[in-house]
Amino acid sequence: MPLLVEMGWGGLILSPTTITWTDITDCTDVVSGVTVTRGASDELSETQPGTATLTLNNEDGRFTPGNSSSPYYPFVRRNAPIRISAVVIPQRTGSAPWPLAQLGDNFDGSRVDSTLWANLYGGAVQANGRARVPVSPTAGAGFQSGRDWKLTGSKVTARLVTVPGANGSSASIAGLYLHSTTNGTRLGWRYNAVTGVLYADNQVGFSDGAAVSMPYSPIDHRWLRIRESAGTTYFETSGDGFGWTVRRTLATPAWVGTQSLVVEMTASRTGGTGDFIEWDLLGAAVRPRFWGTVNEWPIEWEGLYSKVQITATDLFKRLNKLPNLRSMVGEEIIVGGPLVYYPLTEDSAATSAGDLSGTSAPALPTVQAGAAGSGTLALGSTEGPAETGEQVALFTPVSATAGKYLTADLGPQYQNLVGDYLAIEAWIQTTTANRVILGFHRPDLSYQLLMSLGSGGGLQFEMISDGFTTVITPSGSPLNLADGAWHHVAYDERSHTLRIDGTVVDSSLYVVSVHDMRVLHVGGYRGTRLWSGAIGHFALFTANSVSFGPSHATRYDAGMNGHAGETADTRMLRLAYYAGLSAITVWGSTHDPIASQGPGGSSVMARMREVETTESARLYAERDWYGLAYQSRDVRYNPNPDAETFTIDYADLEPGIGLADDDQKMVNIVDATRPNGATQRVTASQSVLAFGEYPQDLNILKTSDNSVLDAAYWLVSRFADPGVELRRVPIEAHTMPNYLDILDADISSYFTVYGLPPQAPAAEMRVTVEGYTETIKHNSHVIEFTTSNTGRDTVWILGDPDYSQLDQTTRLAY
């Protein structure tokens, strides 16, 4: 059965590498099958959220939410992680000795394949679709093949499903071995149940003094492989059978190239009580088809038969549900994991400022200094840093001692969260020197610390202890910050580094630790030296939190420029951080500078789409992990025929293929513009004359008018006359000899359909994959690819015989 369905019960979707997976393939209805849809309808459409639909047998209630008798309780719940893979078991061809890559067994059925396993001993059996080897104190046990296999240029792969326990034994060993003709000379994976250690062995005389060991992980070592290539032997592990990590390499032993090998899965123990080790999917080639989360668990009954038909959605679902972003400054502070974050952007009528850190820090109420009613403090009432698009707090005192400021005891919960050091940052604007930005003190006032401007407008720290005040002036900070401009101030107590406006002004600034001070004042200190001007985006971090996500060193650029000019791939990585993703896979090398997206108000997905459109790129959710992929436009440039994913004969296609030649994609007039730039028009006059006007507006985040013009030309040159194309290519892949190659096709892959009927414009046509819908059933895997014309992505190469043909392949690259 070409299918593997696994659930990550209780797993955290934002930490996919920590999920332990449970195989539920046996519960999956393979008659109705599993259907997966992903990608886009064409190259001008956005990729859509990928979905998977499947039906599970629920006769014992294991998939009923809230059922305490379920083995998966209480984790049968919405957003449970799910991954689906196609599994291809190899078939032997030719005569012995066979390459080890042809050794395949899924251990289904009730009887062991005696042609594969010439020696079954010690009570080893095939049970529940697995090879079960007893780990018994009375005798060894195992599955042993004939001497029929070759490792040279080949590999052996297996899924380690169940490992034995120590069970009171003094020694307990189980493993997968490749035996030479010399007793005790062998390669293998060995698991020590007493110590819980996995070894990669190259044994001579049953020992290996250089064996590589690792604590066994049921997540990282789920799959094991031994592979030989060009004189090197690799020991590799995998969590999903698709992506592999090399754990050991060695020069291939001489006997590997000259001898036929025996494959053995074996186990034994000394003393204690017996149990077993289980292996599955020997030799399987795994191709991930879907990674996402289950939307719901709808239970249905037909008499006493219960089933659940679930639909799961990929990462796009979560991204589409995220709230609108704040400004880039705000998002980068939040990503950094602050202890407290007071943006001070509330409505001007608000009388307190709230914390957005998520640590439940208290609000900062407005307090009066001096005569009642003197001075004002209006939150969210003055324009903040240029690219935030947010209004922040304006402090307008009557004098240094008459006006309003913010203060609160952050409480014991805050104090419990603080590490040994703090990092402090804030945005400030003023024309008045000798005022306090913020201050801290212990509840008993025994220690106090102020960050202020001195009489000349330079930043300083003031430490008050036992009635004595020590003024600490940064060595490299003669700047007058009371100049009416916005300034960003960030001090990292751990590294003793002070940054002003993104530049390090002092890297050896020692300020007495404030980690045990919890009473906070903003815009004044205990009724004195009241701030006159604006403050925004004040945050405190623990010493180690600022190392996560974009650091406070980049925040000045975020606030003043919105990171304008950074390349598209960097912007995508930044937006991924905002979404809480650890990474995004970037393909391609053409990444233009991107304009600011500083102000908030749109979702992270909308901003990613802006970058995608600007770059004529492709954004989609991965199918082998819970992540995103971003392809630059040059991924599709001039596809190399030698790098085609596969080729297929028209006669091997399923019904439904056909040609299209319409105006669905036609664009021959583009009006293009950018932020603060010119509006420019590109026209394909011959197309307009022949077909009429097909206009389109293009609003993109370029940083120059020339780049806008290039983007408009690229669009028109490709779609002024789109040409004839195949838009749907259905294939019964399971029956194809190049099944694995077909499964490797993904978004932006290309393949050729040849042997087209004589009515076609050419005998063969190359197409690019935009998306697909597939249905996986028992002994069936139908994939209908949604495709476009690969020729639309050709670009000019001077002197190239294929890509310099006048009026055919002279499109300039963009």
# chains A, B, ... in the order shown; residues from 1 in each chain; ligands from 1
>>> residues_around(residues="stretch 96-108 of chain A", least_positions_apart="3", cutoff="8 Å", atoms="only C-alpha atoms", output="ChimeraX atom specification")
/A:89-93,112,126-131,147-157,260,280-284
>>> residues_around(residues="A:Val367", least_positions_apart="2", cutoff="8 Å", atoms="only C-alpha atoms", output="ChimeraX atom specification")
/A:365,369,404-407
>>> select_by_dssp(residues="stretch 232-448 of chain A", states="helix (DSSP H, G or I)", output="MDAnalysis selection string")
chainID A and resid 254:258 315:321 328:335 411:417
>>> write_last_selection(atoms="N, CA and C atoms", output="CSV table (one decimal), in the first residue's frame")
chain,number,residue,atom,x,y,z
A,254,ALA,N,37.0,-3.2,2.2
A,254,ALA,CA,37.3,-3.9,0.9
A,254,ALA,C,36.3,-5.0,0.7
A,255,TRP,N,35.9,-5.7,1.7
A,255,TRP,CA,35.0,-6.8,1.5
A,255,TRP,C,33.6,-6.5,0.9
A,256,VAL,N,33.2,-5.2,1.1
A,256,VAL,CA,31.9,-4.8,0.6
A,256,VAL,C,31.9,-4.9,-0.9
A,257,GLY,N,33.0,-4.6,-1.6
A,257,GLY,CA,33.0,-4.6,-3.0
A,257,GLY,C,33.2,-5.9,-3.6
A,258,THR,N,33.5,-6.9,-2.8
A,258,THR,CA,33.9,-8.2,-3.4
A,258,THR,C,32.9,-9.3,-3.0
A,315,LEU,N,0.2,25.0,6.5
A,315,LEU,CA,0.6,26.1,7.3
A,315,LEU,C,-0.1,27.4,6.9
A,316,PHE,N,-0.6,27.5,5.6
A,316,PHE,CA,-1.3,28.7,5.2
A,316,PHE,C,-2.5,29.0,6.1
A,317,LYS,N,-3.1,27.9,6.6
A,317,LYS,CA,-4.3,28.2,7.5
A,317,LYS,C,-3.9,29.0,8.7
A,318,ARG,N,-2.8,28.6,9.3
A,318,ARG,CA,-2.4,29.4,10.5
A,318,ARG,C,-2.0,30.8,10.2
A,319,LEU,N,-1.3,30.9,9.1
A,319,LEU,CA,-0.8,32.3,8.7
A,319,LEU,C,-2.0,33.2,8.4
A,320,ASN,N,-3.0,32.6,7.7
A,320,ASN,CA,-4.2,33.4,7.3
A,320,ASN,C,-5.0,33.8,8.6
A,321,LYS,N,-4.9,33.1,9.7
A,321,LYS,CA,-5.7,33.4,10.9
A,321,LYS,C,-4.9,34.4,11.8
A,328,MET,N,6.7,47.4,12.0
A,328,MET,CA,7.9,46.6,12.1
A,328,MET,C,8.6,46.7,13.4
A,329,VAL,N,8.7,47.9,14.0
A,329,VAL,CA,9.3,48.0,15.3
A,329,VAL,C,8.6,47.2,16.3
A,330,GLY,N,7.2,47.3,16.3
A,330,GLY,CA,6.4,46.6,17.3
A,330,GLY,C,6.6,45.1,17.2
A,331,GLU,N,6.6,44.6,15.9
A,331,GLU,CA,6.7,43.1,15.7
A,331,GLU,C,8.1,42.6,16.1
A,332,GLU,N,9.1,43.4,15.9
A,332,GLU,CA,10.5,42.9,16.2
A,332,GLU,C,10.7,42.9,17.7
A,333,ILE,N,10.0,43.9,18.4
A,333,ILE,CA,10.1,43.8,19.9
A,333,ILE,C,9.4,42.6,20.4
A,334,ILE,N,8.2,42.3,19.8
A,334,ILE,CA,7.4,41.1,20.3
A,334,ILE,C,8.2,39.8,20.0
A,335,VAL,N,8.8,39.7,18.8
A,335,VAL,CA,9.5,38.5,18.5
A,335,VAL,C,10.7,38.3,19.4
A,411,GLY,N,5.6,44.2,40.1
A,411,GLY,CA,5.1,43.1,40.9
A,411,GLY,C,6.1,41.9,41.0
A,412,PRO,N,5.8,41.0,41.9
A,412,PRO,CA,6.7,39.8,42.1
A,412,PRO,C,6.8,38.9,40.8
A,413,GLN,N,5.7,38.8,40.1
A,413,GLN,CA,5.7,38.0,38.9
A,413,GLN,C,6.8,38.4,37.9
A,414,TYR,N,6.8,39.7,37.7
A,414,TYR,CA,7.9,40.3,36.8
A,414,TYR,C,9.2,40.0,37.4
A,415,GLN,N,9.4,40.1,38.7
A,415,GLN,CA,10.7,39.9,39.3
A,415,GLN,C,11.1,38.5,39.2
A,416,ASN,N,10.2,37.5,39.2
A,416,ASN,CA,10.5,36.1,39.0
A,416,ASN,C,11.0,35.8,37.6
A,417,LEU,N,10.5,36.6,36.6
A,417,LEU,CA,10.9,36.3,35.2
A,417,LEU,C,12.2,36.9,34.9
>>> closest_residue(among="A:Pro730, A:Pro758, A:Gly523, A:Gly8", to="A:Phe785", atoms="only C-alpha atoms")
A:Pro730
>>> residues_around(residues="A:Thr768", least_positions_apart="5", cutoff="7 Å", atoms="only C-alpha atoms", output="list of chain:residue names")
A:Ser748, A:Ser749, A:Tyr750, A:Phe751, A:Thr787, A:Ser788, A:Asn789, A:Thr790
>>> residues_around(residues="A:Tyr556", least_positions_apart="4", cutoff="10 Å", atoms="only C-alpha atoms", output="PyMOL selection string")
chain A and resi 329+385+427+486-490+499-503+552+560-563
>>> write_last_selection(atoms="N, CA, C and O atoms", output="PDB file, in the first residue's frame")
ATOM      1  N   VAL A 329       8.672  47.876  13.968  1.00  0.00           N
ATOM      2  CA  VAL A 329       9.285  48.048  15.284  1.00  0.00           C
ATOM      3  C   VAL A 329       8.558  47.200  16.315  1.00  0.00           C
ATOM      4  O   VAL A 329       9.162  46.447  17.086  1.00  0.00           O
ATOM      5  N   PRO A 385       8.091  57.344  15.272  1.00  0.00           N
ATOM      6  CA  PRO A 385       9.153  57.228  14.271  1.00  0.00           C
ATOM      7  C   PRO A 385       8.585  57.073  12.868  1.00  0.00           C
ATOM      8  O   PRO A 385       7.504  56.483  12.668  1.00  0.00           O
ATOM      9  N   TRP A 427      12.103  54.602  22.298  1.00  0.00           N
ATOM     10  CA  TRP A 427      12.199  55.684  21.323  1.00  0.00           C
ATOM     11  C   TRP A 427      11.871  56.981  22.036  1.00  0.00           C
ATOM     12  O   TRP A 427      10.897  57.049  22.802  1.00  0.00           O
ATOM     13  N   TRP A 486      13.679  62.041  16.305  1.00  0.00           N
ATOM     14  CA  TRP A 486      13.454  60.757  16.958  1.00  0.00           C
ATOM     15  C   TRP A 486      14.789  60.024  17.122  1.00  0.00           C
ATOM     16  O   TRP A 486      15.618  59.989  16.208  1.00  0.00           O
ATOM     17  N   HIS A 487      14.974  59.441  18.307  1.00  0.00           N
ATOM     18  CA  HIS A 487      16.171  58.658  18.580  1.00  0.00           C
ATOM     19  C   HIS A 487      15.773  57.335  19.222  1.00  0.00           C
ATOM     20  O   HIS A 487      14.833  57.268  20.015  1.00  0.00           O
ATOM     21  N   HIS A 488      16.536  56.308  18.876  1.00  0.00           N
ATOM     22  CA  HIS A 488      16.328  54.984  19.459  1.00  0.00           C
ATOM     23  C   HIS A 488      17.486  54.679  20.394  1.00  0.00           C
ATOM     24  O   HIS A 488      18.656  54.776  20.010  1.00  0.00           O
ATOM     25  N   VAL A 489      17.166  54.345  21.621  1.00  0.00           N
ATOM     26  CA  VAL A 489      18.167  54.064  22.641  1.00  0.00           C
ATOM     27  C   VAL A 489      18.004  52.622  23.090  1.00  0.00           C
ATOM     28  O   VAL A 489      16.892  52.197  23.434  1.00  0.00           O
ATOM     29  N   ALA A 490      19.100  51.846  23.088  1.00  0.00           N
ATOM     30  CA  ALA A 490      19.047  50.446  23.500  1.00  0.00           C
ATOM     31  C   ALA A 490      20.298  50.103  24.291  1.00  0.00           C
ATOM     32  O   ALA A 490      21.421  50.289  23.803  1.00  0.00           O
ATOM     33  N   ARG A 499      23.567  51.267  22.342  1.00  0.00           N
ATOM     34  CA  ARG A 499      23.367  51.679  20.953  1.00  0.00           C
ATOM     35  C   ARG A 499      22.445  52.889  20.939  1.00  0.00           C
ATOM     36  O   ARG A 499      21.419  52.901  21.612  1.00  0.00           O
ATOM     37  N   ILE A 500      22.810  53.849  20.133  1.00  0.00           N
ATOM     38  CA  ILE A 500      21.940  54.989  19.874  1.00  0.00           C
ATOM     39  C   ILE A 500      21.749  55.073  18.373  1.00  0.00           C
ATOM     40  O   ILE A 500      22.723  55.127  17.611  1.00  0.00           O
ATOM     41  N   ASP A 501      20.505  55.046  17.967  1.00  0.00           N
ATOM     42  CA  ASP A 501      20.150  55.087  16.544  1.00  0.00           C
ATOM     43  C   ASP A 501      20.855  53.989  15.762  1.00  0.00           C
ATOM     44  O   ASP A 501      21.355  54.189  14.653  1.00  0.00           O
ATOM     45  N   GLY A 502      20.938  52.804  16.379  1.00  0.00           N
ATOM     46  CA  GLY A 502      21.473  51.633  15.712  1.00  0.00           C
ATOM     47  C   GLY A 502      22.973  51.524  15.717  1.00  0.00           C
ATOM     48  O   GLY A 502      23.521  50.522  15.256  1.00  0.00           O
ATOM     49  N   THR A 503      23.669  52.514  16.239  1.00  0.00           N
ATOM     50  CA  THR A 503      25.133  52.521  16.243  1.00  0.00           C
ATOM     51  C   THR A 503      25.653  52.315  17.663  1.00  0.00           C
ATOM     52  O   THR A 503      25.161  52.938  18.609  1.00  0.00           O
ATOM     53  N   HIS A 552      17.661  44.079  18.836  1.00  0.00           N
ATOM     54  CA  HIS A 552      17.359  45.502  18.982  1.00  0.00           C
ATOM     55  C   HIS A 552      18.347  46.380  18.221  1.00  0.00           C
ATOM     56  O   HIS A 552      18.111  47.573  18.057  1.00  0.00           O
ATOM     57  N   MET A 560      12.817  54.018  11.340  1.00  0.00           N
ATOM     58  CA  MET A 560      13.060  55.188  10.503  1.00  0.00           C
ATOM     59  C   MET A 560      12.934  54.889   9.013  1.00  0.00           C
ATOM     60  O   MET A 560      12.590  55.768   8.224  1.00  0.00           O
ATOM     61  N   ASN A 561      13.216  53.639   8.619  1.00  0.00           N
ATOM     62  CA  ASN A 561      13.237  53.311   7.186  1.00  0.00           C
ATOM     63  C   ASN A 561      12.374  52.125   6.813  1.00  0.00           C
ATOM     64  O   ASN A 561      12.217  51.839   5.630  1.00  0.00           O
ATOM     65  N   GLY A 562      11.839  51.406   7.804  1.00  0.00           N
ATOM     66  CA  GLY A 562      11.064  50.208   7.491  1.00  0.00           C
ATOM     67  C   GLY A 562      11.889  49.155   6.774  1.00  0.00           C
ATOM     68  O   GLY A 562      11.366  48.367   5.998  1.00  0.00           O
ATOM     69  N   HIS A 563      13.207  49.162   7.027  1.00  0.00           N
ATOM     70  CA  HIS A 563      14.133  48.218   6.372  1.00  0.00           C
ATOM     71  C   HIS A 563      14.077  48.331   4.850  1.00  0.00           C
ATOM     72  O   HIS A 563      14.312  47.347   4.136  1.00  0.00           O
TER      73      HIS A 563
END
>>> residues_around(residues="A:Ser169", least_positions_apart="3", cutoff="8 Å", atoms="only C-alpha atoms", output="JSON, numbers by chain")
{"A": [166, 172, 194, 269, 270, 271, 272, 273]}
>>> residues_around(residues="stretch 688-692 of chain A", least_positions_apart="2", cutoff="12 Å", atoms="only C-alpha atoms", output="ChimeraX atom specification")
/A:662-663,666-670,682-686,694-695,716,719-722
>>> write_last_selection(atoms="all heavy atoms", output="compact mmCIF listing (two decimals), in the first residue's frame")
# COMPACT_ATOMS: atom_id res chain seq x y z
N ASP A 662 -6.66 30.71 -24.98
CA ASP A 662 -7.71 31.70 -24.74
C ASP A 662 -7.08 32.96 -24.18
O ASP A 662 -5.86 33.10 -24.13
CB ASP A 662 -8.78 31.13 -23.80
CG ASP A 662 -8.19 30.59 -22.50
OD1 ASP A 662 -7.18 31.14 -22.02
OD2 ASP A 662 -8.72 29.60 -21.95
N ASP A 663 -7.93 33.89 -23.75
CA ASP A 663 -7.42 35.16 -23.23
C ASP A 663 -7.45 35.21 -21.69
O ASP A 663 -7.38 36.29 -21.10
CB ASP A 663 -8.19 36.34 -23.81
CG ASP A 663 -9.68 36.29 -23.48
OD1 ASP A 663 -10.12 35.34 -22.78
OD2 ASP A 663 -10.40 37.21 -23.90
N MET A 666 -4.19 36.84 -20.61
CA MET A 666 -3.63 37.88 -21.47
C MET A 666 -3.48 39.21 -20.74
O MET A 666 -4.39 39.67 -20.06
CB MET A 666 -4.49 38.04 -22.73
CG MET A 666 -3.87 38.96 -23.76
SD MET A 666 -4.77 38.92 -25.33
CE MET A 666 -4.26 37.32 -25.93
N VAL A 667 -2.31 39.81 -20.87
CA VAL A 667 -2.01 41.15 -20.35
C VAL A 667 -1.14 41.85 -21.39
O VAL A 667 -0.04 41.39 -21.70
CB VAL A 667 -1.25 41.08 -19.01
CG1 VAL A 667 -0.93 42.50 -18.53
CG2 VAL A 667 -2.03 40.33 -17.96
N ASN A 668 -1.64 42.97 -21.96
CA ASN A 668 -0.82 43.69 -22.93
C ASN A 668 -0.65 45.17 -22.63
O ASN A 668 0.02 45.88 -23.38
CB ASN A 668 -1.34 43.48 -24.37
CG ASN A 668 -2.80 43.84 -24.52
OD1 ASN A 668 -3.33 44.67 -23.78
ND2 ASN A 668 -3.47 43.22 -25.50
N ILE A 669 -1.25 45.64 -21.53
CA ILE A 669 -1.03 47.02 -21.06
C ILE A 669 -0.88 46.96 -19.54
O ILE A 669 -1.76 46.44 -18.85
CB ILE A 669 -2.20 47.95 -21.42
CG1 ILE A 669 -2.38 48.04 -22.93
CG2 ILE A 669 -1.97 49.34 -20.83
CD1 ILE A 669 -3.60 48.85 -23.34
N VAL A 670 0.23 47.47 -19.05
CA VAL A 670 0.46 47.47 -17.61
C VAL A 670 0.77 48.89 -17.15
O VAL A 670 1.68 49.55 -17.69
CB VAL A 670 1.63 46.54 -17.22
CG1 VAL A 670 1.97 46.70 -15.75
CG2 VAL A 670 1.26 45.09 -17.51
N VAL A 682 3.65 50.21 -19.72
CA VAL A 682 4.30 49.37 -20.72
C VAL A 682 3.20 48.76 -21.57
O VAL A 682 2.22 48.22 -21.04
CB VAL A 682 5.16 48.27 -20.07
CG1 VAL A 682 5.66 47.29 -21.12
CG2 VAL A 682 6.33 48.88 -19.31
N THR A 683 3.37 48.85 -22.89
CA THR A 683 2.34 48.38 -23.82
C THR A 683 2.96 47.45 -24.86
O THR A 683 4.04 47.73 -25.38
CB THR A 683 1.66 49.56 -24.53
OG1 THR A 683 1.09 50.43 -23.57
CG2 THR A 683 0.58 49.08 -25.48
N ALA A 684 2.25 46.37 -25.15
CA ALA A 684 2.61 45.49 -26.27
C ALA A 684 1.70 45.87 -27.43
O ALA A 684 0.57 45.37 -27.54
CB ALA A 684 2.46 44.03 -25.90
N SER A 685 2.16 46.78 -28.27
CA SER A 685 1.28 47.39 -29.29
C SER A 685 0.76 46.37 -30.28
O SER A 685 -0.41 46.45 -30.70
CB SER A 685 2.03 48.52 -30.01
OG SER A 685 3.24 48.03 -30.57
N GLN A 686 1.59 45.41 -30.67
CA GLN A 686 1.12 44.41 -31.64
C GLN A 686 0.02 43.56 -31.04
O GLN A 686 -0.94 43.19 -31.73
CB GLN A 686 2.28 43.55 -32.10
CG GLN A 686 3.30 44.29 -32.94
CD GLN A 686 4.41 43.38 -33.45
OE1 GLN A 686 4.61 42.29 -32.93
NE2 GLN A 686 5.14 43.83 -34.46
N TYR A 694 -5.95 44.58 -23.01
CA TYR A 694 -6.05 43.75 -21.80
C TYR A 694 -5.18 44.42 -20.72
O TYR A 694 -4.03 44.05 -20.52
CB TYR A 694 -5.59 42.32 -22.07
CG TYR A 694 -6.58 41.52 -22.89
CD1 TYR A 694 -6.61 41.64 -24.28
CD2 TYR A 694 -7.49 40.67 -22.28
CE1 TYR A 694 -7.52 40.91 -25.04
CE2 TYR A 694 -8.40 39.94 -23.02
CZ TYR A 694 -8.42 40.07 -24.39
OH TYR A 694 -9.33 39.35 -25.14
N PRO A 695 -5.73 45.41 -20.03
CA PRO A 695 -4.92 46.19 -19.09
C PRO A 695 -4.84 45.54 -17.71
O PRO A 695 -5.68 44.73 -17.32
CB PRO A 695 -5.69 47.52 -19.00
CG PRO A 695 -7.12 47.11 -19.22
CD PRO A 695 -7.09 45.96 -20.19
N VAL A 716 4.34 41.90 -19.34
CA VAL A 716 3.79 42.04 -20.69
C VAL A 716 4.48 41.09 -21.66
O VAL A 716 3.83 40.47 -22.53
CB VAL A 716 3.93 43.51 -21.16
CG1 VAL A 716 3.65 43.62 -22.66
CG2 VAL A 716 2.96 44.40 -20.39
N PHE A 719 2.87 37.63 -21.29
CA PHE A 719 1.43 37.38 -21.42
C PHE A 719 0.72 38.24 -22.46
O PHE A 719 -0.50 38.22 -22.54
CB PHE A 719 0.75 37.56 -20.05
CG PHE A 719 1.22 36.57 -19.03
CD1 PHE A 719 2.11 36.96 -18.02
CD2 PHE A 719 0.83 35.25 -19.10
CE1 PHE A 719 2.56 36.04 -17.09
CE2 PHE A 719 1.29 34.32 -18.17
CZ PHE A 719 2.16 34.72 -17.17
N ALA A 720 1.48 38.97 -23.27
CA ALA A 720 0.83 39.70 -24.36
C ALA A 720 0.19 38.74 -25.36
O ALA A 720 -0.84 39.04 -25.96
CB ALA A 720 1.84 40.60 -25.06
N ASP A 721 0.81 37.58 -25.52
CA ASP A 721 0.23 36.51 -26.34
C ASP A 721 0.63 35.20 -25.68
O ASP A 721 1.64 34.59 -26.03
CB ASP A 721 0.75 36.58 -27.77
CG ASP A 721 0.08 35.55 -28.68
OD1 ASP A 721 -0.86 34.86 -28.21
OD2 ASP A 721 0.51 35.43 -29.85
N PRO A 722 -0.15 34.72 -24.69
CA PRO A 722 0.27 33.58 -23.86
C PRO A 722 0.54 32.30 -24.63
O PRO A 722 1.37 31.49 -24.22
CB PRO A 722 -0.89 33.39 -22.88
CG PRO A 722 -1.60 34.71 -22.87
CD PRO A 722 -1.44 35.27 -24.26
>>> residues_around(residues="stretch 566-582 of chain A", least_positions_apart="4", cutoff="8 Å", atoms="only C-alpha atoms", output="list in words")
Leu14, Leu319, Leu322, Glu331, Glu332, Val335, Gly549, Pro550, Val586, His591, Asp592, Pro593, Ile594, Ala595, Val604, Arg607, Met608, Val611, Glu615, Gly627 and Tyr630 of chain A
>>> closest_residue(among="A:Val31, A:Leu116, A:Leu698, A:Leu449", to="A:Ser145", atoms="only C-alpha atoms")
A:Leu116
>>> select_by_dssp(residues="stretch 607-636 of chain A", states="strand (DSSP E or B)", output="list in words")
Arg618, Leu619, Tyr620, Ala621, Leu628, Ala629, Tyr630 and Gln631 of chain A
>>> closest_atom_pairs(of="stretch 721-760 of chain A", to="stretch 68-86 of chain A", cutoff="12 Å", atoms="only C-alpha atoms", output="tab-separated table")
residue	atom	partner	partner_atom	distance
A:Ala733	CA	A:Ala86	CA	11.2
A:His734	CA	A:Ala86	CA	10.1
A:Tyr739	CA	A:Ala86	CA	10.4
A:Leu740	CA	A:Ala86	CA	9.4
A:Ile742	CA	A:Ala86	CA	11.5
A:Leu743	CA	A:Ala86	CA	8.2
A:Asp744	CA	A:Ala86	CA	10.8
>>> write_last_selection(atoms="C-alpha atoms", output="PDB file, in the first residue's frame")
ATOM      1  CA  ALA A 733       1.594   7.390 -11.216  1.00  0.00           C
ATOM      2  CA  HIS A 734       1.563   4.114  -9.298  1.00  0.00           C
ATOM      3  CA  TYR A 739       6.899   6.582 -10.072  1.00  0.00           C
ATOM      4  CA  LEU A 740       9.433   8.173  -7.715  1.00  0.00           C
ATOM      5  CA  ILE A 742       6.734  11.755 -10.703  1.00  0.00           C
ATOM      6  CA  LEU A 743       6.364  12.035  -6.927  1.00  0.00           C
ATOM      7  CA  ASP A 744       9.364  14.379  -6.846  1.00  0.00           C
TER       8      ASP A 744
END
>>> closest_residue(among="A:Val88, A:Met517, A:Ala433, A:Val161", to="A:Asn779", atoms="only C-alpha atoms")
A:Val88
>>> closest_residue(among="A:Ile472, A:Leu479, A:Val163, A:Ile731", to="A:Gly457", atoms="only C-alpha atoms")
A:Leu479
>>> closest_atom_pairs(of="stretch 257-357 of chain A", to="stretch 420-424 of chain A", cutoff="12 Å", atoms="only C-alpha atoms", output="tab-separated table")
residue	atom	partner	partner_atom	distance
A:Ile333	CA	A:Ile424	CA	11.1
A:Gly336	CA	A:Ala423	CA	10.9
A:Gly337	CA	A:Ala423	CA	11.4
A:Pro338	CA	A:Ala423	CA	9.2
A:Leu339	CA	A:Leu422	CA	9.3
A:Val340	CA	A:Ile424	CA	10.0
A:Tyr341	CA	A:Ile424	CA	10.2
A:Tyr342	CA	A:Ile424	CA	11.9
>>> closest_residue(among="A:Gly123, A:Gly354, A:Gly565, A:Gly588", to="A:Phe143", atoms="only C-alpha atoms")
A:Gly123
>>> atom_distance(atom1="atom CA of A:Leu176", atom2="atom CA of A:Glu236")
13.0 Å
>>> closest_residue(among="A:Ser495, A:Ser213, A:Thr266, A:Thr22", to="A:Leu178", atoms="only C-alpha atoms")
A:Thr266
>>> atom_distance(atom1="atom CA of A:Arg435", atom2="atom CA of A:Thr382")
19.1 Å
>>> atom_distance(atom1="atom CA of A:Asp220", atom2="atom CA of A:Asp240")
8.4 Å
